[in-house]
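Asks: Can you keep this structure in mind? I'll have questions shortly.
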Amino acid sequence: MMKKLLRFWFGVLSVELTGKSAARFFSLCVKRGITLWNMDVIDEHKYHFSIYMDDFLLVGPIRKKTHVKLKILKKSGAPRIFHLYRYRIAFLASFLLAAICIYRMTDYVWKIEIDGNSYLSDECVIRYLNNRGWGYGAKKDDIDLRLLELSLRTDFDEVIWSSSYVEGTKLVVKMQENLIDVKNKLPTEELAEGCWNIVAECDGTVLSIITRNGTPNIKEGEEFCKGDILVSGKEAIMDDAGEIAEYLYLPADADIYAFVEYDFSDTFPVMYESVRETGRKRYQYYLGIGEGRFYFPFWIQDYETTYFFNDYHQVKLFDNLYLPFSYGKIVRCEQEKSFQYLAYKDAKKIAEQRFEDFLTNLEENGVSIIRKNVMIEKNGNQYMVTGNVYVNQKVGCYEYE
């Protein structure tokens, strides 16, 4: 590798030698320390070899003494490149300036990757990082990774663990969210003092209750309404006579599971709007620098009904060396709208799918479905869907007294 680097820097000539005293010529070159390589015998009086450009100037006296002829076949290396572009100073200066700019850009963050988030969207986390000065365009040396991780856990109740690191010009933020419903958590550790009651946020019937702190106001099988205090943070202290001596005020702590009913209702019209693509498209290309974009053509007319598709690419040199440059194209697809009649069997499928989505959303929130029913009927120019879902879920949220 070192030899190749030296040959490129000093320049190499491929030379053809003809003459009867070739052996004497080579012997004198070796005696004077001139390096020759890639020796190739063409015939008895013709040879090919490689030599450094600087050394070629030293073989002049040897060539005259041995009466041989030398012919340059090929030139390569840095000296030849510098000679070819000696009049293109602007090009060389631009190349050096671009290299310096790219080197300086590697000191900043130009890509943010969020991993492990579910409740929090990527846009929400990136907006938070930008507001704190740790986002797009932030200098890598100014990012305190430990403070970033602590701030995420402090400012977002959903985040229970976070880790961050920088790869090239990419900031990677990994997190783990608390899948348990955060409504039963106290506001902050600093405020977790005094009388905090557990209050019902809906109507229901108690299925089970386990109290660790506080005084329960309900029992298993009892019904409650929204706003009722299920477990009070005020705990009575009795004296020897069985009378109340004082009250102890503390945050209530209990697990309460209840039988809760959810109502489901939905409507959609008998005549629905159908959209289809016509196949006609218009393209607009753009180049981006930072958050700015330059469009080509600058202005383009939309169709009456248009569907947009953005093909976005960010420039990167290696796997994690992103630059603040982007390019892409926006595809505008023409669409046609028409109204069609929705048959009862198709409406029933739509209603069932929406009801299943409703149930899935409930299950994702940690409830257990016990019973469900749904019905659909046509009322004038629309279909009406009604249903009931009975679930077993954990209830109660904190309220300060």
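Here's how to read the names in the structure tokens: chain A, B, ... by the order shown, residue numbers from 1 in each chain, ligand numbers from 1 in the order shown.
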I want to know what sits within 10 Å of stretch 121-127 of chain A, based on only C-alpha atoms, with residues of the same chain fewer than 6 positions away left out; could you give that as an MDAnalysis selection string?
Replies: chainID A and resid 112:115 133:136 152 156 173
Asks: Quick one: everything within 10 Å of A:Asp55, counting only C-alpha atoms, minus sequence neighbours fewer than 5 positions away in the same chain. Send it as a short mmCIF file (atom, residue, chain, number, x, y, z; two decimals) with N, CA, C and O atoms, in the first residue's frame.
Replies:
```
data_model
loop_
_atom_site.label_atom_id
_atom_site.label_comp_id
_atom_site.auth_asym_id
_atom_site.auth_seq_id
_atom_site.Cartn_x
_atom_site.Cartn_y
_atom_site.Cartn_z
N PHE A 10 4.92 10.58 -6.50
CA PHE A 10 6.09 11.00 -7.27
C PHE A 10 5.89 10.85 -8.77
O PHE A 10 6.66 11.41 -9.55
N VAL A 12 4.86 8.09 -12.16
CA VAL A 12 5.50 6.93 -12.77
C VAL A 12 5.43 7.05 -14.29
O VAL A 12 4.42 7.52 -14.84
N LEU A 13 6.51 6.62 -14.95
CA LEU A 13 6.56 6.58 -16.41
C LEU A 13 6.71 5.14 -16.87
O LEU A 13 7.49 4.36 -16.29
N CYS A 29 22.14 1.70 -14.13
CA CYS A 29 21.02 2.23 -13.33
C CYS A 29 21.04 1.66 -11.93
O CYS A 29 20.83 2.39 -10.95
N GLY A 33 21.67 3.60 -8.15
CA GLY A 33 20.53 3.61 -7.24
C GLY A 33 19.23 4.03 -7.88
O GLY A 33 18.32 4.52 -7.18
N ILE A 34 19.09 3.85 -9.18
CA ILE A 34 17.85 4.20 -9.87
C ILE A 34 16.94 2.96 -9.89
O ILE A 34 17.35 1.90 -10.37
N THR A 35 15.73 3.14 -9.38
CA THR A 35 14.80 2.01 -9.23
C THR A 35 14.04 1.78 -10.54
O THR A 35 13.45 2.71 -11.10
N LEU A 36 14.06 0.52 -11.00
CA LEU A 36 13.29 0.10 -12.17
C LEU A 36 12.46 -1.11 -11.77
O LEU A 36 12.91 -1.95 -11.00
N GLY A 60 19.61 10.27 -18.33
CA GLY A 60 20.07 10.90 -19.58
C GLY A 60 21.54 10.59 -19.89
O GLY A 60 21.86 10.11 -21.00
#
```
Asks: What's around A:Trp110 at 7 Å? Count only C-alpha atoms, leave out sequence neighbours fewer than 3 positions away in its own chain, and write the answer as a list in words.
Replies: Tyr136, Gly137, Thr169, Lys170, Tyr322, Leu323 and Pro324 of chain A
Asks: Of the candidates A:Gln314, A:Asn117, A:Ser14, A:Asn217, which one gets nearest to A:Lys74 if we count only C-alpha atoms?
Replies: A:Ser14
Asks: Considering only C-alpha atoms, return as a list in words whatever protein or nucleic-acid residues lie within 6 Å of stretch 331-337 of chain A, sequence-local ones (same chain, fewer than 6 positions apart) excluded.
Replies: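 Returned residues: Ser274, Val275, Arg276, Glu277, Thr278, Arg280, Lys281, Arg282, Tyr283, Tyr303, Thr305, Thr306, Tyr307, Phe308 and Phe309 of chain A.
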Asks: With only C-alpha atoms as the atoms that count, which of A:Gly221, A:Glu377, A:Gln284, A:Lys20 lies nearest to A:Gln301?
Replies: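 Nearest candidate to A:Gln301 out of A:Gly221, A:Glu377, A:Gln284, A:Lys20: A:Gln284.
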Asks: Please measure the separation of atom CA of A:Tyr295 and atom CA of A:Met105, giving the value in Å to one decimal.
Replies: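 Taking atom CA of A:Tyr295 as the start and atom CA of A:Met105 as the end point, the length is 23.9 Å.
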Asks: Can you work out the spacing between atom CA of A:Glu291 and atom CA of A:Leu321 in Å, to one decimal?
Replies: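 It comes out at 18.0 Å.
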Asks: Among stretch 59-303 of chain A, which ones does DSSP place in strand (DSSP E), written as a ChimeraX atom specification?
Replies: /A:69-76,111-115,159-167,170-177,196-199,204-213,215-216,223-224,229-232,234-238,244-249,253-269,271-289,292-296
Asks: For C-alpha atoms, I'd like the residues from the last selection saved as an mmCIF file, in the first residue's frame.
Replies:
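Everything below was put into result.cif:
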```
data_model
loop_
_atom_site.group_PDB
_atom_site.id
_atom_site.type_symbol
_atom_site.label_atom_id
_atom_site.label_comp_id
_atom_site.auth_asym_id
_atom_site.auth_seq_id
_atom_site.Cartn_x
_atom_site.Cartn_y
_atom_site.Cartn_z
ATOM 1 C CA LYS A 69 16.811 4.922 -27.196
ATOM 2 C CA LEU A 70 14.097 5.594 -24.638
ATOM 3 C CA LYS A 71 10.457 6.229 -25.506
ATOM 4 C CA ILE A 72 7.795 7.244 -22.974
ATOM 5 C CA LEU A 73 4.674 5.108 -23.405
ATOM 6 C CA LYS A 74 2.502 6.288 -20.507
ATOM 7 C CA LYS A 75 2.490 8.843 -17.697
ATOM 8 C CA SER A 76 0.592 8.416 -14.411
ATOM 9 C CA LYS A 111 -30.353 13.144 11.001
ATOM 10 C CA ILE A 112 -32.457 12.070 14.010
ATOM 11 C CA GLU A 113 -33.621 8.487 14.485
ATOM 12 C CA ILE A 114 -36.201 7.571 17.148
ATOM 13 C CA ASP A 115 -36.568 3.944 18.217
ATOM 14 C CA VAL A 159 -40.922 7.234 29.013
ATOM 15 C CA ILE A 160 -39.441 4.957 31.686
ATOM 16 C CA TRP A 161 -36.039 4.350 30.025
ATOM 17 C CA SER A 162 -34.029 6.175 27.392
ATOM 18 C CA SER A 163 -30.616 5.967 25.781
ATOM 19 C CA SER A 164 -28.957 8.134 23.147
ATOM 20 C CA TYR A 165 -25.750 8.205 21.135
ATOM 21 C CA VAL A 166 -24.285 9.851 18.048
ATOM 22 C CA GLU A 167 -23.138 7.905 14.978
ATOM 23 C CA LYS A 170 -26.934 10.911 13.104
ATOM 24 C CA LEU A 171 -28.433 11.216 16.597
ATOM 25 C CA VAL A 172 -30.074 7.973 17.720
ATOM 26 C CA VAL A 173 -32.582 8.148 20.587
ATOM 27 C CA LYS A 174 -33.857 4.853 21.986
ATOM 28 C CA MET A 175 -36.627 4.709 24.563
ATOM 29 C CA GLN A 176 -38.992 2.388 26.347
ATOM 30 C CA GLU A 177 -42.488 3.512 27.244
ATOM 31 C CA TRP A 196 -54.847 12.369 47.306
ATOM 32 C CA ASN A 197 -58.107 10.523 46.607
ATOM 33 C CA ILE A 198 -58.778 7.915 43.942
ATOM 34 C CA VAL A 199 -61.835 9.137 42.016
ATOM 35 C CA GLY A 204 -69.483 1.056 36.841
ATOM 36 C CA THR A 205 -69.746 -1.797 39.329
ATOM 37 C CA VAL A 206 -66.839 -2.938 41.502
ATOM 38 C CA LEU A 207 -65.568 -6.419 40.667
ATOM 39 C CA SER A 208 -62.543 -6.402 42.983
ATOM 40 C CA ILE A 209 -60.668 -3.911 45.163
ATOM 41 C CA ILE A 210 -57.304 -4.217 46.925
ATOM 42 C CA THR A 211 -56.457 -1.239 49.149
ATOM 43 C CA ARG A 212 -52.905 -0.573 50.324
ATOM 44 C CA ASN A 213 -53.231 3.020 51.579
ATOM 45 C CA THR A 215 -59.921 4.369 53.294
ATOM 46 C CA PRO A 216 -62.118 2.548 50.731
ATOM 47 C CA GLU A 223 -72.123 0.508 41.928
ATOM 48 C CA PHE A 224 -70.459 3.902 41.582
ATOM 49 C CA ILE A 229 -64.412 9.029 45.665
ATOM 50 C CA LEU A 230 -63.560 5.331 45.542
ATOM 51 C CA VAL A 231 -60.671 5.403 48.021
ATOM 52 C CA SER A 232 -60.064 8.390 50.280
ATOM 53 C CA LYS A 234 -57.890 10.495 54.678
ATOM 54 C CA GLU A 235 -57.273 7.612 57.089
ATOM 55 C CA ALA A 236 -58.721 7.703 60.606
ATOM 56 C CA ILE A 237 -56.513 6.930 63.647
ATOM 57 C CA MET A 238 -58.463 5.429 66.577
ATOM 58 C CA ILE A 244 -61.292 8.910 66.136
ATOM 59 C CA ALA A 245 -58.237 10.595 67.601
ATOM 60 C CA GLU A 246 -56.901 12.170 64.426
ATOM 61 C CA TYR A 247 -56.751 11.799 60.654
ATOM 62 C CA LEU A 248 -53.716 10.781 58.647
ATOM 63 C CA TYR A 249 -53.536 12.424 55.208
ATOM 64 C CA ASP A 253 -53.101 3.478 46.841
ATOM 65 C CA ALA A 254 -55.421 0.766 45.522
ATOM 66 C CA ASP A 255 -56.126 -1.552 42.587
ATOM 67 C CA ILE A 256 -59.806 -1.294 41.598
ATOM 68 C CA TYR A 257 -61.306 -3.375 38.800
ATOM 69 C CA ALA A 258 -64.866 -2.694 37.724
ATOM 70 C CA PHE A 259 -67.574 -3.813 35.324
ATOM 71 C CA VAL A 260 -67.955 -0.864 32.911
ATOM 72 C CA GLU A 261 -70.310 -0.333 29.969
ATOM 73 C CA TYR A 262 -69.218 1.526 26.813
ATOM 74 C CA ASP A 263 -71.693 2.817 24.237
ATOM 75 C CA PHE A 264 -70.801 2.660 20.559
ATOM 76 C CA SER A 265 -72.508 4.701 17.857
ATOM 77 C CA ASP A 266 -71.630 5.496 14.274
ATOM 78 C CA THR A 267 -73.347 6.774 11.135
ATOM 79 C CA PHE A 268 -72.414 6.861 7.457
ATOM 80 C CA PRO A 269 -74.425 7.918 4.399
ATOM 81 C CA MET A 271 -74.604 7.429 -0.939
ATOM 82 C CA TYR A 272 -70.840 7.395 -0.527
ATOM 83 C CA GLU A 273 -68.111 9.155 -2.437
ATOM 84 C CA SER A 274 -65.856 6.918 -4.551
ATOM 85 C CA VAL A 275 -62.379 8.073 -5.604
ATOM 86 C CA ARG A 276 -60.256 6.513 -8.359
ATOM 87 C CA GLU A 277 -57.027 7.525 -10.089
ATOM 88 C CA THR A 278 -57.210 8.419 -13.789
ATOM 89 C CA GLY A 279 -53.553 7.599 -14.492
ATOM 90 C CA ARG A 280 -52.562 11.182 -15.341
ATOM 91 C CA LYS A 281 -49.574 12.437 -13.342
ATOM 92 C CA ARG A 282 -47.451 15.553 -13.033
ATOM 93 C CA TYR A 283 -43.952 15.613 -11.583
ATOM 94 C CA GLN A 284 -42.113 18.307 -9.658
ATOM 95 C CA TYR A 285 -38.486 17.856 -8.568
ATOM 96 C CA TYR A 286 -36.739 19.640 -5.725
ATOM 97 C CA LEU A 287 -33.356 20.154 -4.078
ATOM 98 C CA GLY A 288 -33.206 20.852 -0.357
ATOM 99 C CA ILE A 289 -30.642 22.707 1.751
ATOM 100 C CA GLY A 292 -35.390 25.108 2.527
ATOM 101 C CA ARG A 293 -36.315 23.678 -0.886
ATOM 102 C CA PHE A 294 -35.871 24.758 -4.488
ATOM 103 C CA TYR A 295 -38.494 23.348 -6.863
ATOM 104 C CA PHE A 296 -38.167 22.544 -10.587
#
```
Asks: A:Glu44: which residues within 12 Å, counting only C-alpha atoms, same-chain residues fewer than 2 positions away excluded, as a PyMOL selection string?
Replies: chain A and resi 17-23+40-42+46-48
Asks: Which polymer residues have any atom within 12 Å of an atom of A:Arg104, counting only C-alpha atoms, with same-chain residues fewer than 2 positions away left out, as a PDB file with N, CA, C and O atoms, in the first residue's frame?
Replies:
```
ATOM      1  N   LEU A  97     -12.525  23.750  -1.189  1.00  0.00           N
ATOM      2  CA  LEU A  97     -13.545  24.406  -0.377  1.00  0.00           C
ATOM      3  C   LEU A  97     -14.684  23.447  -0.028  1.00  0.00           C
ATOM      4  O   LEU A  97     -15.177  23.427   1.099  1.00  0.00           O
ATOM      5  N   ALA A  98     -15.091  22.634  -1.010  1.00  0.00           N
ATOM      6  CA  ALA A  98     -16.151  21.654  -0.764  1.00  0.00           C
ATOM      7  C   ALA A  98     -15.706  20.616   0.273  1.00  0.00           C
ATOM      8  O   ALA A  98     -16.477  20.234   1.154  1.00  0.00           O
ATOM      9  N   ALA A  99     -14.442  20.182   0.166  1.00  0.00           N
ATOM     10  CA  ALA A  99     -13.926  19.213   1.131  1.00  0.00           C
ATOM     11  C   ALA A  99     -13.901  19.796   2.541  1.00  0.00           C
ATOM     12  O   ALA A  99     -14.261  19.125   3.516  1.00  0.00           O
ATOM     13  N   ILE A 100     -13.499  21.077   2.652  1.00  0.00           N
ATOM     14  CA  ILE A 100     -13.469  21.731   3.967  1.00  0.00           C
ATOM     15  C   ILE A 100     -14.888  21.874   4.533  1.00  0.00           C
ATOM     16  O   ILE A 100     -15.133  21.642   5.718  1.00  0.00           O
ATOM     17  N   CYS A 101     -15.840  22.262   3.676  1.00  0.00           N
ATOM     18  CA  CYS A 101     -17.231  22.422   4.120  1.00  0.00           C
ATOM     19  C   CYS A 101     -17.812  21.101   4.612  1.00  0.00           C
ATOM     20  O   CYS A 101     -18.484  21.051   5.654  1.00  0.00           O
ATOM     21  N   ILE A 102     -17.566  20.024   3.864  1.00  0.00           N
ATOM     22  CA  ILE A 102     -18.076  18.715   4.272  1.00  0.00           C
ATOM     23  C   ILE A 102     -17.449  18.292   5.593  1.00  0.00           C
ATOM     24  O   ILE A 102     -18.126  17.745   6.477  1.00  0.00           O
ATOM     25  N   THR A 106     -19.540  17.675   9.404  1.00  0.00           N
ATOM     26  CA  THR A 106     -19.545  16.461  10.223  1.00  0.00           C
ATOM     27  C   THR A 106     -19.558  16.763  11.710  1.00  0.00           C
ATOM     28  O   THR A 106     -19.689  15.848  12.519  1.00  0.00           O
ATOM     29  N   ASP A 107     -19.421  18.035  12.095  1.00  0.00           N
ATOM     30  CA  ASP A 107     -19.482  18.416  13.508  1.00  0.00           C
ATOM     31  C   ASP A 107     -20.915  18.618  13.995  1.00  0.00           C
ATOM     32  O   ASP A 107     -21.124  18.906  15.174  1.00  0.00           O
ATOM     33  N   TYR A 108     -21.899  18.462  13.097  1.00  0.00           N
ATOM     34  CA  TYR A 108     -23.286  18.765  13.440  1.00  0.00           C
ATOM     35  C   TYR A 108     -24.177  17.547  13.198  1.00  0.00           C
ATOM     36  O   TYR A 108     -23.789  16.604  12.492  1.00  0.00           O
ATOM     37  N   VAL A 109     -25.372  17.598  13.781  1.00  0.00           N
ATOM     38  CA  VAL A 109     -26.370  16.528  13.627  1.00  0.00           C
ATOM     39  C   VAL A 109     -27.296  16.895  12.476  1.00  0.00           C
ATOM     40  O   VAL A 109     -27.921  17.960  12.486  1.00  0.00           O
ATOM     41  N   LYS A 139     -24.831  21.279  17.192  1.00  0.00           N
ATOM     42  CA  LYS A 139     -23.435  20.856  17.216  1.00  0.00           C
ATOM     43  C   LYS A 139     -23.288  19.659  18.141  1.00  0.00           C
ATOM     44  O   LYS A 139     -23.811  19.637  19.256  1.00  0.00           O
ATOM     45  N   LYS A 140     -22.567  18.641  17.688  1.00  0.00           N
ATOM     46  CA  LYS A 140     -22.476  17.391  18.442  1.00  0.00           C
ATOM     47  C   LYS A 140     -21.827  17.600  19.804  1.00  0.00           C
ATOM     48  O   LYS A 140     -22.232  16.989  20.791  1.00  0.00           O
ATOM     49  N   THR A 169     -23.115  11.707  11.724  1.00  0.00           N
ATOM     50  CA  THR A 169     -23.920  12.922  11.899  1.00  0.00           C
ATOM     51  C   THR A 169     -25.364  12.573  12.229  1.00  0.00           C
ATOM     52  O   THR A 169     -26.258  13.371  12.010  1.00  0.00           O
ATOM     53  N   LEU A 323     -25.684  14.542   5.377  1.00  0.00           N
ATOM     54  CA  LEU A 323     -25.408  15.951   5.105  1.00  0.00           C
ATOM     55  C   LEU A 323     -26.739  16.708   5.035  1.00  0.00           C
ATOM     56  O   LEU A 323     -27.787  16.110   4.782  1.00  0.00           O
ATOM     57  N   PRO A 324     -26.704  18.036   5.223  1.00  0.00           N
ATOM     58  CA  PRO A 324     -27.958  18.815   5.219  1.00  0.00           C
ATOM     59  C   PRO A 324     -28.484  19.097   3.823  1.00  0.00           C
ATOM     60  O   PRO A 324     -28.971  20.181   3.539  1.00  0.00           O
TER      61      PRO A 324
END
```
Asks: Determine which residues of stretch 117-190 of chain A receive a DSSP assignment of helix (DSSP H, G or I), computed from the backbone, and state them as a VMD selection string.
Replies: chain A and resid 122 to 131 140 to 142 145 to 155 182 to 184
